[in-house]
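With mmCIF, C-alpha atoms inside, this is data_6.cif:
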data_input
loop_
_atom_site.label_atom_id
_atom_site.label_comp_id
_atom_site.auth_asym_id
_atom_site.auth_seq_id
_atom_site.Cartn_x
_atom_site.Cartn_y
_atom_site.Cartn_z
CA MET A 923 106.88 105.68 89.91
CA THR A 924 105.31 107.66 92.77
CA ARG A 925 108.43 109.82 93.17
CA SER A 926 108.59 110.50 89.44
CA ALA A 927 104.92 111.41 89.30
CA LYS A 928 105.28 113.94 92.13
CA LEU A 929 108.27 115.61 90.47
CA ALA A 930 106.58 115.57 87.08
CA SER A 931 103.59 117.39 88.59
CA LEU A 932 105.70 120.52 89.10
CA PRO A 933 106.07 121.69 85.45
CA LEU A 934 102.47 120.68 84.70
CA GLY A 935 101.25 122.81 87.58
CA PHE A 936 103.37 125.74 86.42
CA ALA A 937 101.98 125.52 82.88
CA GLY A 938 98.44 125.55 84.25
CA ARG A 939 99.08 128.55 86.48
CA THR A 940 100.70 130.45 83.60
CA ALA A 941 97.68 129.83 81.35
CA ILE A 942 95.26 130.98 84.07
CA GLY A 943 97.42 134.04 84.68
CA LEU A 944 97.31 134.96 80.99
CA GLY A 945 93.54 134.70 81.09
CA ARG A 946 93.37 136.99 84.12
CA ARG A 947 95.61 139.58 82.44
CA LEU A 948 93.41 139.51 79.34
CA GLY A 949 90.53 140.13 81.73
CA GLY A 950 92.18 143.28 83.05
CA ALA A 951 94.06 142.08 86.13
CA SER A 952 97.35 143.82 87.00
CA ALA A 953 100.41 142.11 85.49
CA GLU A 954 102.32 142.60 88.76
CA ILE A 955 99.56 140.99 90.83
CA VAL A 956 99.22 138.06 88.45
CA THR A 957 103.00 137.51 88.36
CA ARG A 958 103.22 137.57 92.14
CA GLU A 959 100.37 135.06 92.46
CA ILE A 960 102.13 132.71 90.01
CA GLN A 961 105.37 133.08 91.99
CA GLN A 962 103.62 132.36 95.28
CA ARG A 963 101.80 129.27 94.02
CA THR A 964 104.92 127.96 92.28
CA ALA A 965 106.96 128.40 95.47
CA ASP A 966 104.24 126.70 97.47
CA GLN A 967 104.19 123.65 95.18
CA ILE A 968 108.00 123.34 94.85
CA PHE A 969 108.64 123.31 98.58
CA LYS A 970 105.67 121.06 99.28
CA VAL A 971 106.91 118.41 96.80
CA LEU A 972 110.55 118.69 97.90
CA GLY A 973 109.44 118.22 101.49
CA GLU A 974 107.52 115.03 100.69
CA LEU A 975 110.47 113.32 99.00
CA LYS A 976 113.74 112.06 100.37
CA GLY A 977 116.86 111.50 98.31
CA GLY A 978 117.86 114.04 95.69
CA ALA A 979 114.83 116.23 96.26
CA MET A 980 115.69 116.52 99.96
CA LYS A 981 119.34 117.25 99.13
CA LEU A 982 118.27 120.06 96.78
CA GLY A 983 115.96 121.48 99.44
CA GLN A 984 118.83 121.53 101.92
CA ALA A 985 121.13 123.24 99.42
CA LEU A 986 118.50 125.93 98.76
CA SER A 987 118.01 126.73 102.45
CA ILE A 988 119.33 130.29 102.11
CA PHE A 989 116.83 130.99 99.33
CA GLU A 990 114.10 129.37 101.38
CA ALA A 991 114.53 132.30 103.81
CA ALA A 992 113.49 134.64 101.01
CA LEU A 993 110.04 133.05 100.83
CA PRO A 994 107.15 133.70 103.21
CA PRO A 995 106.72 131.12 105.99
CA GLU A 996 103.28 130.04 104.79
CA PHE A 997 105.02 128.48 101.75
CA THR A 998 108.11 127.01 103.37
CA GLU A 999 106.79 125.83 106.74
CA PRO A 1000 105.03 122.75 105.25
CA TYR A 1001 108.33 121.87 103.53
CA ARG A 1002 110.37 122.34 106.72
CA ALA A 1003 107.88 120.39 108.82
CA THR A 1004 107.83 117.46 106.40
CA LEU A 1005 111.61 117.49 106.06
CA THR A 1006 112.03 117.44 109.84
CA ARG A 1007 109.59 114.55 110.14
CA LEU A 1008 111.47 112.58 107.49
CA GLN A 1009 114.83 113.21 109.17
CA ASP A 1010 113.56 112.33 112.64
CA ALA A 1011 111.55 109.26 111.66
CA ALA A 1012 113.42 107.52 108.87
CA PRO A 1013 111.97 104.00 108.77
CA PRO A 1014 114.65 101.39 109.51
CA LEU A 1015 115.51 98.57 107.14
CA PRO A 1016 114.08 95.24 108.43
CA ALA A 1017 116.58 92.77 109.89
CA ALA A 1018 116.06 90.29 107.04
CA SER A 1019 116.95 93.00 104.50
CA VAL A 1020 119.99 94.00 106.55
CA HIS A 1021 121.21 90.40 106.56
CA ARG A 1022 120.64 90.14 102.81
CA VAL A 1023 122.73 93.27 102.15
CA LEU A 1024 125.51 91.99 104.43
CA ALA A 1025 125.54 88.64 102.63
CA GLU A 1026 125.64 90.32 99.23
CA GLN A 1027 128.48 92.66 100.25
CA LEU A 1028 130.52 90.47 102.63
CA GLY A 1029 129.61 86.94 101.53
CA ASP A 1030 127.41 84.24 103.03
CA GLU A 1031 129.80 83.87 105.96
CA TRP A 1032 129.47 87.55 106.92
CA ARG A 1033 128.82 86.69 110.56
CA ASP A 1034 132.40 85.39 110.84
CA ASN A 1035 133.50 89.05 110.83
CA PHE A 1036 131.58 89.75 114.04
CA VAL A 1037 131.44 88.38 117.57
CA GLU A 1038 128.10 90.15 117.99
CA PHE A 1039 125.78 92.08 115.67
CA ASP A 1040 122.75 94.08 116.85
CA ASP A 1041 119.91 93.80 114.31
CA HIS A 1042 118.29 96.99 115.63
CA PRO A 1043 119.85 100.11 114.08
CA THR A 1044 121.18 102.83 116.34
CA ALA A 1045 120.58 105.46 113.64
CA ALA A 1046 118.73 105.70 110.32
CA ALA A 1047 119.21 108.39 107.68
CA SER A 1048 118.32 109.11 104.06
CA ILE A 1049 120.61 106.57 102.35
CA GLY A 1050 121.64 104.14 105.07
CA GLN A 1051 121.54 103.06 108.71
CA VAL A 1052 124.04 102.22 111.45
CA HIS A 1053 124.24 99.08 113.61
CA ARG A 1054 126.35 98.46 116.69
CA ALA A 1055 128.47 95.30 116.60
CA VAL A 1056 131.59 93.67 118.02
CA TRP A 1057 134.34 93.05 115.45
CA HIS A 1058 136.09 89.68 115.36
CA ASP A 1059 139.06 91.12 117.33
CA GLY A 1060 136.81 92.29 120.18
CA ARG A 1061 136.53 95.97 119.27
CA THR A 1062 133.09 97.58 119.42
CA VAL A 1063 132.28 98.95 115.98
CA ALA A 1064 129.69 100.91 114.03
CA VAL A 1065 128.48 99.19 110.84
CA LYS A 1066 126.97 101.54 108.28
CA ILE A 1067 124.78 99.81 105.68
CA GLN A 1068 123.44 101.48 102.55
CA TYR A 1069 119.79 100.93 101.68
CA PRO A 1070 119.29 98.75 98.58
CA GLY A 1071 118.37 100.97 95.63
CA ALA A 1072 119.28 104.22 97.41
CA GLY A 1073 121.75 105.21 94.70
CA LYS A 1074 119.35 104.62 91.85
CA ALA A 1075 116.58 106.63 93.56
CA LEU A 1076 118.89 109.56 94.33
CA LEU A 1077 120.27 109.86 90.82
CA SER A 1078 116.80 109.45 89.33
CA ASP A 1079 115.64 112.40 91.44
CA PHE A 1080 118.34 114.62 89.99
CA ASN A 1081 117.51 113.59 86.44
CA GLN A 1082 113.93 114.68 87.12
CA LEU A 1083 114.90 117.88 88.94
CA SER A 1084 117.16 118.96 86.06
CA ARG A 1085 114.02 119.52 84.01
CA LEU A 1086 112.64 122.08 86.46
CA GLY A 1087 114.98 125.01 85.76
CA LYS A 1088 112.20 127.24 84.46
CA LEU A 1089 110.23 126.87 87.69
CA PHE A 1090 113.10 127.93 89.92
CA GLY A 1091 113.70 130.88 87.59
CA VAL A 1092 110.20 132.12 88.39
CA ILE A 1093 110.85 132.53 92.12
CA LEU A 1094 114.66 132.97 92.10
CA PRO A 1095 115.59 134.91 88.94
CA GLY A 1096 119.23 135.28 90.01
CA LEU A 1097 119.80 131.53 90.44
CA ASP A 1098 121.38 129.37 87.71
CA ILE A 1099 119.87 126.05 88.76
CA LYS A 1100 121.32 123.62 86.18
CA PRO A 1101 125.02 123.77 87.16
CA LEU A 1102 123.91 123.72 90.79
CA LEU A 1103 122.00 120.49 90.18
CA ASN A 1104 124.95 118.97 88.31
CA GLU A 1105 127.27 119.76 91.20
CA LEU A 1106 124.83 118.30 93.74
CA LYS A 1107 124.46 115.17 91.63
CA GLU A 1108 128.24 114.66 91.53
CA ARG A 1109 128.57 115.20 95.28
CA VAL A 1110 125.69 112.80 96.01
CA ALA A 1111 127.31 110.17 93.78
CA GLU A 1112 130.38 110.48 96.00
CA GLU A 1113 128.25 110.06 99.14
CA LEU A 1114 126.89 106.81 97.75
CA ASP A 1115 130.38 105.27 97.53
CA TYR A 1116 131.39 104.32 101.06
CA LEU A 1117 134.98 103.85 99.92
CA ASN A 1118 135.12 107.62 99.37
CA GLU A 1119 133.69 108.15 102.84
CA ALA A 1120 136.21 105.71 104.33
CA GLU A 1121 139.10 107.58 102.71
CA ALA A 1122 137.86 110.93 104.07
CA GLN A 1123 137.14 109.62 107.57
CA HIS A 1124 140.56 107.97 107.81
CA ALA A 1125 142.23 111.25 106.81
CA PHE A 1126 140.35 113.12 109.55
CA ALA A 1127 141.05 110.39 112.10
CA GLN A 1128 144.78 110.49 111.40
CA GLU A 1129 145.01 114.28 111.57
CA PHE A 1130 143.02 114.58 114.81
CA MET A 1131 144.56 111.59 116.57
CA ASP A 1132 145.33 112.64 120.18
CA ASP A 1133 143.95 116.13 119.45
CA PRO A 1134 142.90 118.02 122.62
CA ASP A 1135 139.65 119.27 121.03
CA PHE A 1136 138.41 116.62 118.61
CA CYS A 1137 137.97 112.86 118.19
CA VAL A 1138 137.22 111.02 114.93
CA PRO A 1139 136.69 107.21 114.93
CA ASP A 1140 139.01 105.51 112.47
CA VAL A 1141 137.97 103.14 109.68
CA ILE A 1142 138.33 99.38 110.17
CA ALA A 1143 136.90 97.99 106.91
CA ALA A 1144 134.90 99.26 103.95
CA ASN A 1145 133.54 98.55 100.50
CA GLU A 1146 131.14 100.52 98.29
CA GLN A 1147 128.07 99.90 100.47
CA ILE A 1148 129.35 98.79 103.89
CA LEU A 1149 131.48 100.88 106.25
CA VAL A 1150 132.88 99.58 109.54
CA THR A 1151 134.43 102.11 111.93
CA GLU A 1152 135.45 102.34 115.56
CA TRP A 1153 132.51 102.88 117.90
CA MET A 1154 132.38 106.21 119.73
CA ASP A 1155 130.39 106.82 122.90
CA GLY A 1156 129.45 110.28 124.08
CA THR A 1157 126.57 112.65 124.70
CA PRO A 1158 124.76 113.55 121.44
CA LEU A 1159 124.97 117.23 120.61
CA SER A 1160 121.16 117.25 120.47
CA LYS A 1161 121.19 116.36 124.18
CA ILE A 1162 123.59 119.23 124.89
CA ILE A 1163 121.18 121.54 123.03
CA THR A 1164 118.21 120.50 125.17
CA ASP A 1165 119.79 119.74 128.55
CA GLY A 1166 123.35 121.09 128.57
CA SER A 1167 124.51 123.90 130.83
CA GLN A 1168 125.34 127.25 129.25
CA GLU A 1169 129.02 126.42 129.72
CA ASP A 1170 128.56 123.10 127.90
CA ARG A 1171 126.72 124.77 125.04
CA ASP A 1172 129.25 127.60 124.72
CA ARG A 1173 132.15 125.14 124.59
CA ALA A 1174 130.42 122.89 122.06
CA GLY A 1175 129.59 125.87 119.84
CA LEU A 1176 133.17 127.11 119.86
CA GLN A 1177 134.50 123.62 119.14
CA LEU A 1178 132.07 123.22 116.23
CA VAL A 1179 133.24 126.47 114.62
CA ARG A 1180 136.90 125.60 115.24
CA PHE A 1181 136.46 122.16 113.67
CA LEU A 1182 134.76 123.52 110.56
CA PHE A 1183 137.26 126.36 110.08
CA CYS A 1184 140.45 124.44 110.83
CA SER A 1185 139.73 121.24 108.87
CA PRO A 1186 140.45 122.63 105.38
CA ALA A 1187 143.83 123.91 106.58
CA ARG A 1188 144.72 120.74 108.50
CA VAL A 1189 143.14 117.99 106.37
CA GLY A 1190 142.35 119.65 103.04
CA LEU A 1191 138.72 118.57 103.60
CA LEU A 1192 135.60 120.24 104.98
CA HIS A 1193 132.96 118.16 106.80
CA ALA A 1194 129.86 119.11 104.82
CA ASP A 1195 127.01 117.75 106.96
CA PRO A 1196 127.21 119.54 110.33
CA HIS A 1197 123.89 118.68 111.95
CA PRO A 1198 123.60 117.71 115.66
CA GLY A 1199 123.26 113.99 114.93
CA ASN A 1200 126.84 113.91 113.64
CA PHE A 1201 128.47 115.17 116.84
CA ARG A 1202 129.08 113.78 120.33
CA VAL A 1203 130.57 115.41 123.42
CA LEU A 1204 132.97 112.92 125.00
CA GLU A 1205 133.57 112.52 128.74
CA ASP A 1206 136.94 114.27 128.44
CA GLY A 1207 135.28 117.31 126.81
CA ARG A 1208 136.40 116.65 123.24
CA LEU A 1209 133.96 117.00 120.36
CA GLY A 1210 133.47 113.68 118.58
CA VAL A 1211 132.64 113.86 114.87
CA LEU A 1212 130.79 111.26 112.75
CA ASP A 1213 129.59 110.74 109.17
CA PHE A 1214 132.05 111.84 106.51
CA GLY A 1215 129.92 110.89 103.52
CA ALA A 1216 129.61 114.51 102.47
CA VAL A 1217 132.95 116.32 102.37
CA ASN A 1218 134.23 119.23 100.35
CA ARG A 1219 137.72 118.62 99.01
CA LEU A 1220 139.74 121.80 99.57
CA PRO A 1221 143.40 120.83 99.08
CA GLU A 1222 144.44 124.50 99.15
CA GLY A 1223 142.48 125.15 102.33
CA TYR A 1224 139.52 127.46 102.89
CA PRO A 1225 138.81 129.74 99.88
CA PRO A 1226 140.44 133.15 100.54
CA MET A 1227 137.44 134.87 98.95
CA PHE A 1228 135.34 134.52 102.11
CA GLY A 1229 137.94 136.07 104.38
CA LYS A 1230 138.68 138.91 101.96
CA LEU A 1231 135.02 139.66 101.29
CA THR A 1232 134.21 139.66 104.99
CA ARG A 1233 137.13 141.92 105.88
CA ILE A 1234 136.34 144.45 103.15
CA PHE A 1235 132.64 144.42 104.02
CA ASN A 1236 133.56 145.21 107.61
CA GLN A 1237 135.70 148.08 106.29
CA GLY A 1238 132.63 149.48 104.51
CA ASP A 1239 133.80 149.09 100.90
CA MET A 1240 130.59 147.81 99.30
CA GLU A 1241 131.76 148.58 95.76
CA SER A 1242 134.56 146.03 96.13
CA VAL A 1243 132.20 143.58 97.82
CA VAL A 1244 129.78 143.69 94.87
CA ARG A 1245 132.67 143.37 92.41
CA GLY A 1246 133.99 140.38 94.32
CA LEU A 1247 130.58 138.70 94.39
CA ARG A 1248 130.33 139.15 90.63
CA ASP A 1249 133.82 137.77 90.07
CA GLU A 1250 132.97 134.67 92.10
CA GLY A 1251 129.59 134.14 90.38
CA PHE A 1252 127.31 135.03 93.29
CA ILE A 1253 125.82 137.84 91.17
CA ARG A 1254 125.30 136.89 87.53
CA PRO A 1255 126.29 139.42 84.82
CA HIS A 1256 122.74 140.40 83.84
CA ILE A 1257 121.57 140.94 87.44
CA GLU A 1258 121.60 144.36 89.10
CA VAL A 1259 121.40 144.51 92.88
CA ASP A 1260 120.52 147.29 95.28
CA VAL A 1261 123.78 147.90 97.17
CA ASP A 1262 122.03 149.16 100.30
CA ALA A 1263 119.71 146.16 100.32
CA LEU A 1264 122.71 143.84 99.89
CA ARG A 1265 124.50 145.56 102.78
CA SER A 1266 121.42 145.19 104.99
CA PHE A 1267 121.12 141.52 104.08
CA LEU A 1268 124.78 140.66 104.73
CA ALA A 1269 125.32 142.75 107.87
CA PRO A 1270 123.61 140.45 110.41
CA TYR A 1271 125.35 137.32 109.07
CA LEU A 1272 128.77 138.97 109.28
CA GLU A 1273 128.11 140.50 112.69
CA PRO A 1274 129.84 137.59 114.53
CA THR A 1275 133.09 138.57 112.72
CA GLN A 1276 132.84 142.20 113.83
CA VAL A 1277 132.73 141.76 117.61
CA GLU A 1278 135.07 140.11 120.09
CA GLU A 1279 132.27 137.89 121.46
CA PHE A 1280 128.93 136.94 119.93
CA THR A 1281 125.80 135.09 121.03
CA PHE A 1282 123.87 133.03 118.48
CA THR A 1283 120.16 132.78 119.29
CA ARG A 1284 117.05 131.41 117.63
CA GLU A 1285 115.52 134.91 117.82
CA TRP A 1286 118.49 136.34 115.91
CA LEU A 1287 118.05 133.71 113.20
CA ARG A 1288 114.29 134.30 112.96
CA HIS A 1289 114.93 138.02 112.61
CA GLN A 1290 117.22 137.39 109.62
CA ALA A 1291 114.56 135.22 107.96
CA VAL A 1292 111.81 137.79 108.55
CA ALA A 1293 114.00 140.57 107.14
CA VAL A 1294 114.16 138.88 103.73
CA ALA A 1295 110.80 137.04 103.61
CA ASP A 1296 109.53 139.00 100.64
CA LEU A 1297 108.56 137.87 97.13
CA ARG A 1298 109.03 141.27 95.47
CA PRO A 1299 111.47 141.20 92.53
CA THR A 1300 113.65 143.73 94.41
CA ASN A 1301 114.31 141.27 97.25
CA VAL A 1302 118.09 140.98 97.10
CA VAL A 1303 118.16 137.29 98.11
CA ARG A 1304 116.20 136.42 94.99
CA GLN A 1305 118.86 138.15 92.88
CA LEU A 1306 121.76 136.06 94.21
CA ASN A 1307 123.24 132.95 92.63
CA LEU A 1308 124.93 129.94 94.25
CA PRO A 1309 128.03 128.98 92.21
CA PRO A 1310 128.49 125.20 92.02
CA SER A 1311 131.93 125.29 93.68
CA TYR A 1312 130.37 126.82 96.79
CA VAL A 1313 127.41 124.43 97.14
CA LEU A 1314 128.88 122.42 100.01
CA ILE A 1315 130.47 125.46 101.67
CA HIS A 1316 127.08 127.14 101.74
CA ARG A 1317 125.53 123.98 103.13
CA VAL A 1318 128.08 124.02 105.95
CA HIS A 1319 127.54 127.69 106.74
CA ALA A 1320 123.75 127.43 106.77
CA ALA A 1321 123.65 124.24 108.84
CA GLY A 1322 126.41 125.40 111.17
CA VAL A 1323 124.68 128.66 111.97
CA GLY A 1324 121.48 126.73 112.64
CA VAL A 1325 123.25 124.47 115.16
CA LEU A 1326 124.91 127.45 116.87
CA CYS A 1327 121.52 129.13 117.26
CA GLN A 1328 120.03 125.93 118.71
CA LEU A 1329 122.90 125.86 121.20
CA GLY A 1330 122.49 129.54 122.02
CA ALA A 1331 126.28 129.61 122.16
CA THR A 1332 128.35 132.62 123.24
CA ALA A 1333 132.07 132.61 122.38
CA ARG A 1334 134.93 134.44 120.69
CA PHE A 1335 134.08 133.19 117.22
CA ARG A 1336 136.00 136.04 115.55
CA ASP A 1337 139.24 134.60 116.92
CA GLU A 1338 138.63 131.38 114.97
CA ALA A 1339 138.13 133.33 111.74
CA ILE A 1340 141.35 135.27 112.34
CA ARG A 1341 143.27 132.06 112.97
CA TRP A 1342 141.89 129.80 110.25
CA VAL A 1343 140.19 131.80 107.45
CA PRO A 1344 142.72 133.05 104.85
CA GLY A 1345 142.41 136.72 103.94
CA PHE A 1346 140.30 137.67 106.95
CA ALA A 1347 142.99 139.22 109.16
CA ASP A 1348 145.26 141.11 106.76
CA ASP A 1349 145.54 142.55 103.29
CA ASP A 1350 147.79 140.64 100.92
CA PRO A 1351 151.29 142.16 100.80
CA GLY A 1352 151.72 144.65 97.95
CA GLU A 1353 148.03 144.60 97.03
CA PRO A 1354 146.53 148.09 96.52
CA GLU A 1355 143.70 148.87 98.92
CA GLY A 1356 140.30 148.30 97.30
CA THR A 1357 141.56 145.96 94.57
CA VAL A 1358 141.88 142.80 96.63
CA LEU A 1359 138.60 141.35 95.40
CA ALA A 1360 139.35 141.91 91.74
CA ALA A 1361 142.51 139.88 92.25
CA SER A 1362 140.67 137.04 94.00
#
Will you turn the file into structure tokens for me?
Amino acid sequence: MTRSAKLASLPLGFAGRTAIGLGRRLGGASAEIVTREIQQRTADQIFKVLGELKGGAMKLGQALSIFEAALPPEFTEPYRATLTRLQDAAPPLPAASVHRVLAEQLGDEWRDNFVEFDDHPTAAASIGQVHRAVWHDGRTVAVKIQYPGAGKALLSDFNQLSRLGKLFGVILPGLDIKPLLNELKERVAEELDYLNEAEAQHAFAQEFMDDPDFCVPDVIAANEQILVTEWMDGTPLSKIITDGSQEDRDRAGLQLVRFLFCSPARVGLLHADPHPGNFRVLEDGRLGVLDFGAVNRLPEGYPPMFGKLTRIFNQGDMESVVRGLRDEGFIRPHIEVDVDALRSFLAPYLEPTQVEEFTFTREWLRHQAVAVADLRPTNVVRQLNLPPSYVLIHRVHAAGVGVLCQLGATARFRDEAIRWVPGFADDDPGEPEGTVLAAS
């Protein structure tokens, strides 16, 4: 009831602000000033409420991270701070509740599956927590347990959020929010079914078995709400970020990019939750990867559009870039964009693909955010759309860049794009120059 009330407060607040704004305009205030004030207050309330809630609201906030950069920090910082606090301090499920879930899912004799079971979780997240245990055959395992009611709360959030399309249209006129919400809801429903996660993790584990760069623990047992996998020791990537040598951080950054770029080609899947908590650096130098609840199924590999768009942007053909963005749904038909502003916005993000070696830094990332932190209608970020089929890919790009900047990693990232991203290195045979995007 509390969650529903908070979400319901958003359209009520918008209606009140609109009525006050109309009164101010009748009183002689500038229409532009009134509109901007309504936009600012609406943005402030949306991000404040999203930051206070977990579940679907938090998932939507994560998906909108690129648009968050288009809003001034005084609106988004409370959201980011609350979100960080929620992620870092997720309250664990009490032992009695853990035992009850295990009994419901595995039967009253659930302890027969384990030689040992640690009641204290080693990790807690938005929909479940992980316990260390010893399986009945002596193997050390990770037992992932879904919180009771997590699924119902998540899907309820999305039902509420679907009613807020008009509010997002106020601050992001280029965004079509309803199909985006539908896509997120479908992907979250998949995350809630641990059998889906088990299938994905097993596929990764099989592909990367004995790989020189990566390690994925295989699945031992699973049902819809319990997942048992091999245990994996290693140094958390967060520890590498804070205490690792520059060499350690450079290697981890390159491995992260290689893993994300090569997985669609090798597995037909993209790991869609690349935050530091899901990675470990093993003693032998390999990058260990955890948590496959969120994956993007790409049976044909990485979408060629990204490689083609990036290559043609680097060649300076902005007309084809804009046409390609329209064809893919990133610019909706009724939206006109300033080509120079679009070029300025894209250039820093594509810079790592233009040079042999690149260094990601927090300062570089802050500079990109400052460059677009502007609520004017001409702000190009506010004119862009996020097509549903690219929701998880965007999530990976945004989160991955954030991790690379935390690492401060320097490496030959362009080489990974050349090797793994279709369309980046060469024009398609027989395709006239300048028409590649229309064909994609």
ask   = Which one is closest to Ala1333 in chain A: A:Ser1266, A:Ser1311, A:Thr1281, A:Thr1151? Count only C-alpha atoms.
value =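 Using only C-alpha atoms, Ala1333 in chain A sits closest to A:Thr1281.
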task = For His1197 in chain A, please output as a ChimeraX atom specification all residues within 9 Å (counting all atoms listed in the file; exclusion window: fewer than 5 positions along the same chain).
result = /A:1159,1321-1322,1324-1325
task = Please write the residues picked by the PyMOL selection byres ((chain A and resi 1341) around 12) on this file as a count of residues only.
result = 21
request  = Find the spatial neighbours of Val1244 in chain A, counting only C-alpha atoms, within a cut-off of 10 Å - ignore same-chain residues fewer than 2 positions away - and output them as a ChimeraX atom specification.
outcome  = /A:1231,1235,1239-1242,1246-1250,1252-1253,1259-1261,1264-1265,1359
ask   = At what distance in Å, to one decimal, does CA of Arg1284 in chain A lie from CA of Ile1162 in chain A?
value = 15.6 Å
My structure is short of atoms at range 1060-1075 of chain A; please model N, CA, C and O atoms there, returning them as an mmCIF file, in the frame of the given file.
data_model
loop_
_atom_site.group_PDB
_atom_site.id
_atom_site.type_symbol
_atom_site.label_atom_id
_atom_site.label_comp_id
_atom_site.auth_asym_id
_atom_site.auth_seq_id
_atom_site.Cartn_x
_atom_site.Cartn_y
_atom_site.Cartn_z
ATOM 1 N N GLY A 1060 137.310 91.830 118.883
ATOM 2 C CA GLY A 1060 136.810 92.290 120.180
ATOM 3 C C GLY A 1060 136.497 93.762 120.264
ATOM 4 O O GLY A 1060 135.925 94.224 121.269
ATOM 5 N N ARG A 1061 136.841 94.540 119.243
ATOM 6 C CA ARG A 1061 136.530 95.970 119.270
ATOM 7 C C ARG A 1061 135.055 96.223 118.976
ATOM 8 O O ARG A 1061 134.476 95.595 118.086
ATOM 9 N N THR A 1062 134.451 97.154 119.715
ATOM 10 C CA THR A 1062 133.090 97.580 119.420
ATOM 11 C C THR A 1062 133.129 98.496 118.195
ATOM 12 O O THR A 1062 133.957 99.411 118.116
ATOM 13 N N VAL A 1063 132.232 98.232 117.246
ATOM 14 C CA VAL A 1063 132.280 98.950 115.980
ATOM 15 C C VAL A 1063 130.893 99.455 115.582
ATOM 16 O O VAL A 1063 129.862 98.985 116.080
ATOM 17 N N ALA A 1064 130.906 100.426 114.682
ATOM 18 C CA ALA A 1064 129.690 100.910 114.030
ATOM 19 C C ALA A 1064 129.691 100.392 112.600
ATOM 20 O O ALA A 1064 130.686 100.548 111.881
ATOM 21 N N VAL A 1065 128.590 99.751 112.193
ATOM 22 C CA VAL A 1065 128.480 99.190 110.840
ATOM 23 C C VAL A 1065 127.422 99.986 110.080
ATOM 24 O O VAL A 1065 126.236 99.925 110.401
ATOM 25 N N LYS A 1066 127.867 100.709 109.089
ATOM 26 C CA LYS A 1066 126.970 101.540 108.280
ATOM 27 C C LYS A 1066 126.598 100.782 107.015
ATOM 28 O O LYS A 1066 127.470 100.325 106.270
ATOM 29 N N ILE A 1067 125.282 100.623 106.781
ATOM 30 C CA ILE A 1067 124.780 99.810 105.680
ATOM 31 C C ILE A 1067 123.911 100.673 104.775
ATOM 32 O O ILE A 1067 122.957 101.319 105.236
ATOM 33 N N GLN A 1068 124.223 100.681 103.493
ATOM 34 C CA GLN A 1068 123.440 101.480 102.550
ATOM 35 C C GLN A 1068 122.154 100.762 102.165
ATOM 36 O O GLN A 1068 122.148 99.552 101.926
ATOM 37 N N TYR A 1069 121.069 101.509 102.090
ATOM 38 C CA TYR A 1069 119.790 100.930 101.680
ATOM 39 C C TYR A 1069 119.877 100.424 100.245
ATOM 40 O O TYR A 1069 120.415 101.116 99.373
ATOM 41 N N PRO A 1070 119.331 99.243 99.965
ATOM 42 C CA PRO A 1070 119.290 98.750 98.580
ATOM 43 C C PRO A 1070 118.499 99.726 97.698
ATOM 44 O O PRO A 1070 117.410 100.168 98.060
ATOM 45 N N GLY A 1071 119.055 100.080 96.559
ATOM 46 C CA GLY A 1071 118.370 100.970 95.630
ATOM 47 C C GLY A 1071 118.487 102.441 95.947
ATOM 48 O O GLY A 1071 117.954 103.277 95.204
ATOM 49 N N ALA A 1072 119.181 102.801 97.028
ATOM 50 C CA ALA A 1072 119.280 104.220 97.410
ATOM 51 C C ALA A 1072 119.959 105.027 96.311
ATOM 52 O O ALA A 1072 119.520 106.133 95.974
ATOM 53 N N GLY A 1073 121.027 104.477 95.737
ATOM 54 C CA GLY A 1073 121.750 105.210 94.700
ATOM 55 C C GLY A 1073 120.902 105.478 93.482
ATOM 56 O O GLY A 1073 120.877 106.590 92.957
ATOM 57 N N LYS A 1074 120.185 104.470 93.040
ATOM 58 C CA LYS A 1074 119.350 104.620 91.850
ATOM 59 C C LYS A 1074 118.253 105.666 92.072
ATOM 60 O O LYS A 1074 117.979 106.501 91.202
ATOM 61 N N ALA A 1075 117.649 105.665 93.262
ATOM 62 C CA ALA A 1075 116.580 106.630 93.560
ATOM 63 C C ALA A 1075 117.126 108.049 93.603
ATOM 64 O O ALA A 1075 116.516 108.983 93.072
#
